[in-house]
Structures are given as C-alpha cells and as structure tokens.
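Text of start.pdb, listed as PDB, C-alpha atoms, pLDDT in the B column:
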```pdb
ATOM      1  CA  MET A   1      -2.815 -25.889 -17.783  1.00 84.00           C
ATOM      2  CA  SER A   2      -0.805 -28.222 -19.988  1.00 86.00           C
ATOM      3  CA  LEU A   3       2.241 -30.144 -18.826  1.00 87.00           C
ATOM      4  CA  LEU A   4       4.351 -28.234 -21.315  1.00 88.00           C
ATOM      5  CA  LEU A   5       3.375 -24.877 -19.847  1.00 91.00           C
ATOM      6  CA  ALA A   6       3.475 -26.108 -16.236  1.00 91.00           C
ATOM      7  CA  THR A   7       7.066 -27.244 -16.686  1.00 93.00           C
ATOM      8  CA  LEU A   8       8.229 -24.493 -19.019  1.00 94.00           C
ATOM      9  CA  LEU A   9       7.194 -21.569 -16.804  1.00 94.00           C
ATOM     10  CA  PRO A  10       9.113 -22.700 -13.671  1.00 95.00           C
ATOM     11  CA  GLY A  11      12.077 -23.612 -15.880  1.00 95.00           C
ATOM     12  CA  LEU A  12      12.210 -20.161 -17.432  1.00 96.00           C
ATOM     13  CA  PHE A  13      11.696 -18.542 -14.019  1.00 95.00           C
ATOM     14  CA  LEU A  14      14.592 -20.523 -12.516  1.00 96.00           C
ATOM     15  CA  ALA A  15      16.839 -19.757 -15.485  1.00 96.00           C
ATOM     16  CA  THR A  16      16.078 -16.037 -15.184  1.00 95.00           C
ATOM     17  CA  LEU A  17      16.702 -16.101 -11.448  1.00 94.00           C
ATOM     18  CA  GLY A  18      19.949 -17.962 -12.058  1.00 95.00           C
ATOM     19  CA  VAL A  19      21.128 -15.311 -14.523  1.00 94.00           C
ATOM     20  CA  ILE A  20      20.301 -12.585 -11.990  1.00 92.00           C
ATOM     21  CA  PHE A  21      22.427 -14.309  -9.346  1.00 93.00           C
ATOM     22  CA  LEU A  22      25.217 -14.917 -11.857  1.00 92.00           C
ATOM     23  CA  ILE A  23      25.342 -11.208 -12.696  1.00 89.00           C
ATOM     24  CA  ASN A  24      25.706 -10.416  -8.975  1.00 82.00           C
ATOM     25  CA  ASN A  25      26.316  -6.678  -9.241  1.00 86.00           C
ATOM     26  CA  SER A  26      25.712  -4.125  -6.496  1.00 87.00           C
ATOM     27  CA  ALA A  27      22.180  -3.320  -7.744  1.00 89.00           C
ATOM     28  CA  VAL A  28      21.146  -6.977  -7.455  1.00 87.00           C
ATOM     29  CA  GLN A  29      22.685  -7.263  -3.990  1.00 90.00           C
ATOM     30  CA  SER A  30      21.108  -4.094  -2.633  1.00 91.00           C
ATOM     31  CA  THR A  31      17.700  -4.945  -4.100  1.00 91.00           C
ATOM     32  CA  LEU A  32      17.666  -8.456  -2.668  1.00 91.00           C
ATOM     33  CA  LYS A  33      18.981  -7.347   0.721  1.00 92.00           C
ATOM     34  CA  ALA A  34      16.265  -4.674   0.939  1.00 92.00           C
ATOM     35  CA  LEU A  35      13.476  -6.982  -0.300  1.00 91.00           C
ATOM     36  CA  PRO A  36      12.403  -8.549   3.035  1.00 92.00           C
ATOM     37  CA  ARG A  37      11.459  -5.173   4.566  1.00 91.00           C
ATOM     38  CA  SER A  38      10.564  -3.370   1.340  1.00 92.00           C
ATOM     39  CA  GLN A  39       7.245  -1.526   1.333  1.00 92.00           C
ATOM     40  CA  VAL A  40       7.042  -1.780  -2.460  1.00 94.00           C
ATOM     41  CA  GLY A  41       7.771  -5.503  -2.260  1.00 93.00           C
ATOM     42  CA  ALA A  42       5.082  -5.882   0.394  1.00 94.00           C
ATOM     43  CA  THR A  43       2.574  -4.066  -1.771  1.00 95.00           C
ATOM     44  CA  VAL A  44       3.384  -6.093  -4.868  1.00 96.00           C
ATOM     45  CA  PHE A  45       3.852  -9.551  -3.351  1.00 96.00           C
ATOM     46  CA  PHE A  46       1.464  -9.484  -0.386  1.00 95.00           C
ATOM     47  CA  GLY A  47      -1.099  -7.472  -2.333  1.00 95.00           C
ATOM     48  CA  GLY A  48      -0.857  -9.877  -5.254  1.00 96.00           C
ATOM     49  CA  GLY A  49      -1.147 -12.890  -2.963  1.00 96.00           C
ATOM     50  CA  ALA A  50      -4.136 -11.361  -1.190  1.00 96.00           C
ATOM     51  CA  LEU A  51      -5.904 -10.570  -4.462  1.00 96.00           C
ATOM     52  CA  TRP A  52      -5.297 -14.063  -5.801  1.00 96.00           C
ATOM     53  CA  PHE A  53      -6.570 -15.593  -2.550  1.00 95.00           C
ATOM     54  CA  LEU A  54      -9.650 -13.346  -2.591  1.00 96.00           C
ATOM     55  CA  TYR A  55     -10.335 -14.431  -6.178  1.00 95.00           C
ATOM     56  CA  ILE A  56     -10.222 -18.080  -5.077  1.00 94.00           C
ATOM     57  CA  VAL A  57     -12.528 -17.395  -2.129  1.00 93.00           C
ATOM     58  CA  TRP A  58     -14.932 -15.432  -4.360  1.00 93.00           C
ATOM     59  CA  ASN A  59     -15.249 -18.472  -6.635  1.00 92.00           C
ATOM     60  CA  LEU A  60     -15.910 -21.036  -3.909  1.00 87.00           C
ATOM     61  CA  SER A  61     -18.652 -23.491  -4.703  1.00 86.00           C
ATOM     62  CA  PRO A  62     -21.733 -23.771  -2.473  1.00 82.00           C
ATOM     63  CA  ALA A  63     -20.392 -27.094  -1.203  1.00 82.00           C
ATOM     64  CA  ASP A  64     -17.346 -25.300   0.266  1.00 82.00           C
ATOM     65  CA  LEU A  65     -19.418 -22.787   2.208  1.00 82.00           C
ATOM     66  CA  VAL A  66     -20.318 -23.779   5.759  1.00 81.00           C
ATOM     67  CA  ILE A  67     -21.327 -20.731   7.774  1.00 82.00           C
ATOM     68  CA  PHE A  68     -22.486 -18.299   5.099  1.00 83.00           C
ATOM     69  CA  SER A  69     -24.543 -19.169   2.033  1.00 82.00           C
ATOM     70  CA  THR A  70     -22.491 -16.923  -0.287  1.00 85.00           C
ATOM     71  CA  PRO A  71     -18.737 -16.270  -0.432  1.00 88.00           C
ATOM     72  CA  GLN A  72     -19.103 -12.462  -0.163  1.00 90.00           C
ATOM     73  CA  PRO A  73     -18.808 -12.326   3.673  1.00 89.00           C
ATOM     74  CA  TRP A  74     -15.640 -14.413   3.513  1.00 90.00           C
ATOM     75  CA  VAL A  75     -14.205 -12.142   0.843  1.00 93.00           C
ATOM     76  CA  LEU A  76     -14.956  -9.102   2.986  1.00 94.00           C
ATOM     77  CA  ILE A  77     -13.421 -10.672   6.109  1.00 93.00           C
ATOM     78  CA  PHE A  78     -10.228 -11.704   4.323  1.00 94.00           C
ATOM     79  CA  ALA A  79      -9.951  -8.376   2.498  1.00 96.00           C
ATOM     80  CA  VAL A  80     -10.145  -6.492   5.792  1.00 96.00           C
ATOM     81  CA  LEU A  81      -7.575  -8.813   7.373  1.00 95.00           C
ATOM     82  CA  SER A  82      -5.242  -8.335   4.408  1.00 94.00           C
ATOM     83  CA  ALA A  83      -5.568  -4.561   4.603  1.00 95.00           C
ATOM     84  CA  LEU A  84      -4.971  -4.566   8.351  1.00 94.00           C
ATOM     85  CA  ALA A  85      -1.792  -6.608   7.869  1.00 93.00           C
ATOM     86  CA  PHE A  86      -0.195  -3.612   6.133  1.00 91.00           C
ATOM     87  CA  PHE A  87      -0.732  -1.506   9.265  1.00 91.00           C
ATOM     88  CA  TYR A  88      -0.265  -3.955  12.127  1.00 91.00           C
ATOM     89  CA  VAL A  89       2.259  -6.462  10.734  1.00 88.00           C
ATOM     90  CA  PRO A  90       4.379  -4.503   8.237  1.00 87.00           C
ATOM     91  CA  ASP A  91       7.697  -6.220   9.041  1.00 89.00           C
ATOM     92  CA  PHE A  92       8.733  -8.799   6.471  1.00 93.00           C
ATOM     93  CA  LEU A  93       5.363  -8.579   4.741  1.00 94.00           C
ATOM     94  CA  ALA A  94       7.094  -8.936   1.365  1.00 95.00           C
ATOM     95  CA  VAL A  95       8.482 -12.328   2.418  1.00 96.00           C
ATOM     96  CA  ARG A  96       5.067 -13.452   3.599  1.00 95.00           C
ATOM     97  CA  GLY A  97       3.609 -12.297   0.295  1.00 96.00           C
ATOM     98  CA  LEU A  98       6.240 -14.256  -1.633  1.00 96.00           C
ATOM     99  CA  SER A  99       5.375 -17.291   0.478  1.00 96.00           C
ATOM    100  CA  ALA A 100       1.675 -16.883  -0.260  1.00 96.00           C
ATOM    101  CA  LEU A 101       2.312 -16.470  -3.981  1.00 96.00           C
ATOM    102  CA  THR A 102       4.527 -19.564  -3.959  1.00 96.00           C
ATOM    103  CA  LEU A 103       1.834 -21.635  -2.267  1.00 96.00           C
ATOM    104  CA  LEU A 104      -0.890 -20.356  -4.567  1.00 96.00           C
ATOM    105  CA  SER A 105       1.129 -20.863  -7.751  1.00 95.00           C
ATOM    106  CA  ALA A 106       2.232 -24.375  -6.797  1.00 95.00           C
ATOM    107  CA  TRP A 107      -1.353 -25.644  -6.891  1.00 94.00           C
ATOM    108  CA  PRO A 108      -2.084 -25.249 -10.637  1.00 93.00           C
ATOM    109  CA  LEU A 109       1.423 -26.408 -11.521  1.00 94.00           C
ATOM    110  CA  LEU A 110       1.016 -29.572  -9.465  1.00 91.00           C
ATOM    111  CA  MET A 111      -2.499 -30.177 -10.768  1.00 91.00           C
ATOM    112  CA  ALA A 112      -1.206 -30.135 -14.345  1.00 89.00           C
ATOM    113  CA  GLY A 113       0.696 -33.326 -13.576  1.00 81.00           C
ATOM    114  CA  TYR A 114      -1.989 -34.976 -11.464  1.00 83.00           C
ATOM    115  CA  MET A 115      -2.411 -38.668 -12.300  1.00 81.00           C
ATOM    116  CA  GLU A 116       0.187 -38.466 -15.076  1.00 79.00           C
ATOM    117  CA  PHE A 117       2.141 -41.632 -14.378  1.00 80.00           C
ATOM    118  CA  GLY A 118       3.401 -42.108 -17.920  1.00 80.00           C
ATOM    119  CA  HIS A 119       5.945 -39.282 -17.681  1.00 82.00           C
ATOM    120  CA  PRO A 120       8.645 -40.018 -15.086  1.00 86.00           C
ATOM    121  CA  GLN A 121      10.476 -36.790 -16.013  1.00 87.00           C
ATOM    122  CA  LEU A 122       7.556 -34.942 -14.416  1.00 88.00           C
ATOM    123  CA  TYR A 123       9.055 -35.735 -11.019  1.00 91.00           C
ATOM    124  CA  LEU A 124      11.798 -33.200 -11.696  1.00 92.00           C
ATOM    125  CA  LEU A 125       9.093 -30.535 -11.582  1.00 92.00           C
ATOM    126  CA  LYS A 126       7.154 -32.056  -8.694  1.00 93.00           C
ATOM    127  CA  VAL A 127      10.186 -32.364  -6.419  1.00 93.00           C
ATOM    128  CA  PHE A 128      11.106 -28.742  -7.144  1.00 94.00           C
ATOM    129  CA  LEU A 129       7.555 -27.593  -6.385  1.00 95.00           C
ATOM    130  CA  TYR A 130       7.356 -29.525  -3.114  1.00 96.00           C
ATOM    131  CA  VAL A 131      10.694 -28.062  -2.011  1.00 96.00           C
ATOM    132  CA  CYS A 132       9.309 -24.606  -2.842  1.00 96.00           C
ATOM    133  CA  VAL A 133       6.131 -25.323  -0.849  1.00 97.00           C
ATOM    134  CA  ALA A 134       8.152 -26.464   2.179  1.00 97.00           C
ATOM    135  CA  LEU A 135      10.399 -23.409   1.884  1.00 97.00           C
ATOM    136  CA  ALA A 136       7.376 -21.105   1.558  1.00 97.00           C
ATOM    137  CA  ILE A 137       5.823 -22.537   4.714  1.00 97.00           C
ATOM    138  CA  TYR A 138       9.140 -22.167   6.560  1.00 97.00           C
ATOM    139  CA  LEU A 139       9.651 -18.576   5.404  1.00 96.00           C
ATOM    140  CA  GLY A 140       6.015 -17.715   6.099  1.00 94.00           C
ATOM    141  CA  VAL A 141       6.555 -18.739   9.721  1.00 94.00           C
ATOM    142  CA  SER A 142      10.064 -17.254  10.067  1.00 94.00           C
ATOM    143  CA  PRO A 143      10.355 -14.532   7.410  1.00 94.00           C
ATOM    144  CA  PHE A 144      13.491 -13.033   8.952  1.00 94.00           C
ATOM    145  CA  ARG A 145      15.366 -16.123   7.766  1.00 95.00           C
ATOM    146  CA  LEU A 146      15.328 -14.757   4.199  1.00 94.00           C
ATOM    147  CA  ARG A 147      17.143 -11.641   5.394  1.00 94.00           C
ATOM    148  CA  ASP A 148      19.678 -13.843   7.182  1.00 94.00           C
ATOM    149  CA  PHE A 149      20.086 -15.986   4.059  1.00 95.00           C
ATOM    150  CA  PHE A 150      20.802 -12.956   1.871  1.00 94.00           C
ATOM    151  CA  GLN A 151      23.352 -11.697   4.405  1.00 94.00           C
ATOM    152  CA  TRP A 152      25.102 -15.066   4.318  1.00 94.00           C
ATOM    153  CA  LEU A 153      24.800 -15.394   0.534  1.00 93.00           C
ATOM    154  CA  PHE A 154      26.341 -12.042  -0.288  1.00 92.00           C
ATOM    155  CA  SER A 155      29.130 -12.204   2.320  1.00 91.00           C
ATOM    156  CA  THR A 156      31.447 -13.693  -0.341  1.00 90.00           C
ATOM    157  CA  ARG A 157      31.540 -13.184  -4.107  1.00 88.00           C
ATOM    158  CA  GLY A 158      31.419 -16.877  -5.006  1.00 90.00           C
ATOM    159  CA  ARG A 159      28.244 -17.941  -3.228  1.00 93.00           C
ATOM    160  CA  PRO A 160      25.756 -16.020  -5.410  1.00 94.00           C
ATOM    161  CA  ARG A 161      27.454 -17.304  -8.530  1.00 93.00           C
ATOM    162  CA  VAL A 162      27.304 -20.912  -7.349  1.00 95.00           C
ATOM    163  CA  LEU A 163      23.613 -20.489  -6.499  1.00 95.00           C
ATOM    164  CA  GLY A 164      22.989 -18.757  -9.830  1.00 95.00           C
ATOM    165  CA  GLY A 165      24.745 -21.522 -11.737  1.00 95.00           C
ATOM    166  CA  GLY A 166      22.686 -24.179  -9.962  1.00 96.00           C
ATOM    167  CA  LEU A 167      19.425 -22.341 -10.592  1.00 96.00           C
ATOM    168  CA  LEU A 168      20.319 -21.745 -14.226  1.00 97.00           C
ATOM    169  CA  ALA A 169      21.238 -25.410 -14.742  1.00 97.00           C
ATOM    170  CA  TYR A 170      18.030 -26.680 -13.123  1.00 96.00           C
ATOM    171  CA  GLY A 171      15.994 -24.118 -15.039  1.00 96.00           C
ATOM    172  CA  ALA A 172      17.597 -25.271 -18.288  1.00 96.00           C
ATOM    173  CA  LEU A 173      16.866 -28.892 -17.323  1.00 96.00           C
ATOM    174  CA  LEU A 174      13.180 -28.110 -16.626  1.00 94.00           C
ATOM    175  CA  THR A 175      12.919 -26.087 -19.839  1.00 95.00           C
ATOM    176  CA  THR A 176      14.351 -29.008 -21.802  1.00 94.00           C
ATOM    177  CA  VAL A 177      12.103 -31.514 -20.026  1.00 92.00           C
ATOM    178  CA  ALA A 178       9.043 -29.401 -20.877  1.00 91.00           C
ATOM    179  CA  PHE A 179       9.414 -30.332 -24.538  1.00 92.00           C
ATOM    180  CA  THR A 180       9.600 -34.097 -23.892  1.00 87.00           C
ATOM    181  CA  TYR A 181       5.924 -34.692 -23.022  1.00 81.00           C
TER     182      TYR A 181
END
```
Would it be possible to restate this file's structure as structure tokens?
Amino acid sequence: MSLLLATLLPGLFLATLGVIFLINNSAVQSTLKALPRSQVGATVFFGGGALWFLYIVWNLSPADLVIFSTPQPWVLIFAVLSALAFFYVPDFLAVRGLSALTLLSAWPLLMAGYMEFGHPQLYLLKVFLYVCVALAIYLGVSPFRLRDFFQWLFSTRGRPRVLGGGLLAYGALLTTVAFTY
C-alpha cells in the first residue's frame, strides 16, 4: 500500500465520520446508541473481523506454524470459536468486532510508513493509528464503555457537533497531508 493511499483512506474516513456527527439528527443518534448491542452490527463487524483474521491465518507461512504442519487446523479452530461467540457471547459483539477490525486495519496502514523517515508529516497518521489501536484494545476489553460514551455524547446537543468538527478537521488535515509525499 502506498503512503498516499494509507493516509488518504483514514483521512476520508475521519472526514465522513465527522460529517455524520455534525449532522447529529435522531437517526444518527438512535443508530449509534443501538450499535453496541446490535445483532446486525455484530454480524457485519465481528463477522468481517473473523473472516479477515481467518484469511490471515490461512496464509501463514510454514515458519509461523508450530504445532500443525498446515494452517487448516488453525483456521478450523478459529472459525468454530468465532461461530460460537455469536451464541455464547452475544453482548457487545459489534464493539468487539469493531475493535478487531481496527486492529487488523491498522497493520497495513502502519506498514506503509515503515522505515519512512524522510516524511515527518507521516507522524500525523501514525499517532492517530496508535491512538486507535489503544482505544480498540480498551474497548475490546470493556465494550460497554462505548455504550456509556454514546450516552454521554448525546446527552447534550453540542457535544456531537464538537466531536464531529474535530474529526472533520483532522480528516481534512490527513487528506491534505496525503498529497504531500
């Protein structure tokens, strides 16, 4: 992945998310408040994270395999565990899926800037990604905190707009920085 694409995609994502929070209508509020316990969100986010993880495990090199000689047993084990999570741990599965997708997507974005010391503006992306990784780990451990955050965020009309403005500004900054490499 090129530096341009690795910086442009998070910038556009943040700008879009910022616009959504700036709009702040009742549909946005109800959707985001229902997201942590949403079955559709769990299917999309946790299912997507599980499929991406299974793809990575399927493509493990022989050097990464310790117990089995092929990755197929690992794929089967993790696929069964992922399927069982929908039945035995359904609460806040969407938040855990978002956390998994965040962790998995941070890797190629960070690797695009690996050993690129000639571009100091790249640190704007790296700091954002490391904050996202830390937040994903925190929310993966305590997924109910996202529900609490949305309750706090939408308790007044100004908070979502301030968050949306900040996300839009940082997204615009990353989008602009993407074209400076």
| the PyMOL selection byres ((chain A and resi 17) around 12) applied to the shown file, residues as a list in words |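 After applying the PyMOL selection byres ((chain A and resi 17) around 12), what remains is Pro10, Gly11, Leu12, Phe13, Leu14, Ala15, Thr16, Gly18, Val19, Ile20, Phe21, Leu22, Ile23, Asn24, Val28, Leu32, Pro160, Arg161, Leu163, Gly164, Gly165, Gly166, Leu167, Leu168, Ala169, Tyr170, Gly171 and Ala172 of chain A.
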Keeping only C-alpha atoms, write those residues as a PDB file, in the frame of the given file.
```
ATOM      1  CA  PRO A  10       9.113 -22.700 -13.671  1.00 95.00           C
ATOM      2  CA  GLY A  11      12.077 -23.612 -15.880  1.00 95.00           C
ATOM      3  CA  LEU A  12      12.210 -20.161 -17.432  1.00 96.00           C
ATOM      4  CA  PHE A  13      11.696 -18.542 -14.019  1.00 95.00           C
ATOM      5  CA  LEU A  14      14.592 -20.523 -12.516  1.00 96.00           C
ATOM      6  CA  ALA A  15      16.839 -19.757 -15.485  1.00 96.00           C
ATOM      7  CA  THR A  16      16.078 -16.037 -15.184  1.00 95.00           C
ATOM      8  CA  GLY A  18      19.949 -17.962 -12.058  1.00 95.00           C
ATOM      9  CA  VAL A  19      21.128 -15.311 -14.523  1.00 94.00           C
ATOM     10  CA  ILE A  20      20.301 -12.585 -11.990  1.00 92.00           C
ATOM     11  CA  PHE A  21      22.427 -14.309  -9.346  1.00 93.00           C
ATOM     12  CA  LEU A  22      25.217 -14.917 -11.857  1.00 92.00           C
ATOM     13  CA  ILE A  23      25.342 -11.208 -12.696  1.00 89.00           C
ATOM     14  CA  ASN A  24      25.706 -10.416  -8.975  1.00 82.00           C
ATOM     15  CA  VAL A  28      21.146  -6.977  -7.455  1.00 87.00           C
ATOM     16  CA  LEU A  32      17.666  -8.456  -2.668  1.00 91.00           C
ATOM     17  CA  PRO A 160      25.756 -16.020  -5.410  1.00 94.00           C
ATOM     18  CA  ARG A 161      27.454 -17.304  -8.530  1.00 93.00           C
ATOM     19  CA  LEU A 163      23.613 -20.489  -6.499  1.00 95.00           C
ATOM     20  CA  GLY A 164      22.989 -18.757  -9.830  1.00 95.00           C
ATOM     21  CA  GLY A 165      24.745 -21.522 -11.737  1.00 95.00           C
ATOM     22  CA  GLY A 166      22.686 -24.179  -9.962  1.00 96.00           C
ATOM     23  CA  LEU A 167      19.425 -22.341 -10.592  1.00 96.00           C
ATOM     24  CA  LEU A 168      20.319 -21.745 -14.226  1.00 97.00           C
ATOM     25  CA  ALA A 169      21.238 -25.410 -14.742  1.00 97.00           C
ATOM     26  CA  TYR A 170      18.030 -26.680 -13.123  1.00 96.00           C
ATOM     27  CA  GLY A 171      15.994 -24.118 -15.039  1.00 96.00           C
ATOM     28  CA  ALA A 172      17.597 -25.271 -18.288  1.00 96.00           C
TER      29      ALA A 172
END
```
| message | What's the separation between atom CA of Pro120 of chain A and atom CA of Thr102 of chain A, in Å to one decimal place? | response | 23.6 Å
| query | Could you work out how far atom CA of Val133 of chain A lies from atom CA of Ser155 of chain A, giving the answer in Å with one decimal? | reply |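 Result for atom CA of Ser155 of chain A versus atom CA of Val133 of chain A: 26.7 Å, one decimal.
Compared by their closest atoms to Ile56 of chain A, and using all atoms listed in the file, the residues A:Met1, A:Ala94, A:Ile137, A:Leu104 rank with A:Leu104 nearest.
What separates atom CA of Gln121 of chain A from atom CA of Leu4 of chain A is a distance of 11.8 Å.
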| Using all atoms listed in the file, which of A:Val44, A:Ile67, A:Val89, A:Met111 sits nearest Pro143 of chain A? |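 Nearest candidate to Pro143 of chain A out of A:Val44, A:Ile67, A:Val89, A:Met111: A:Val89.
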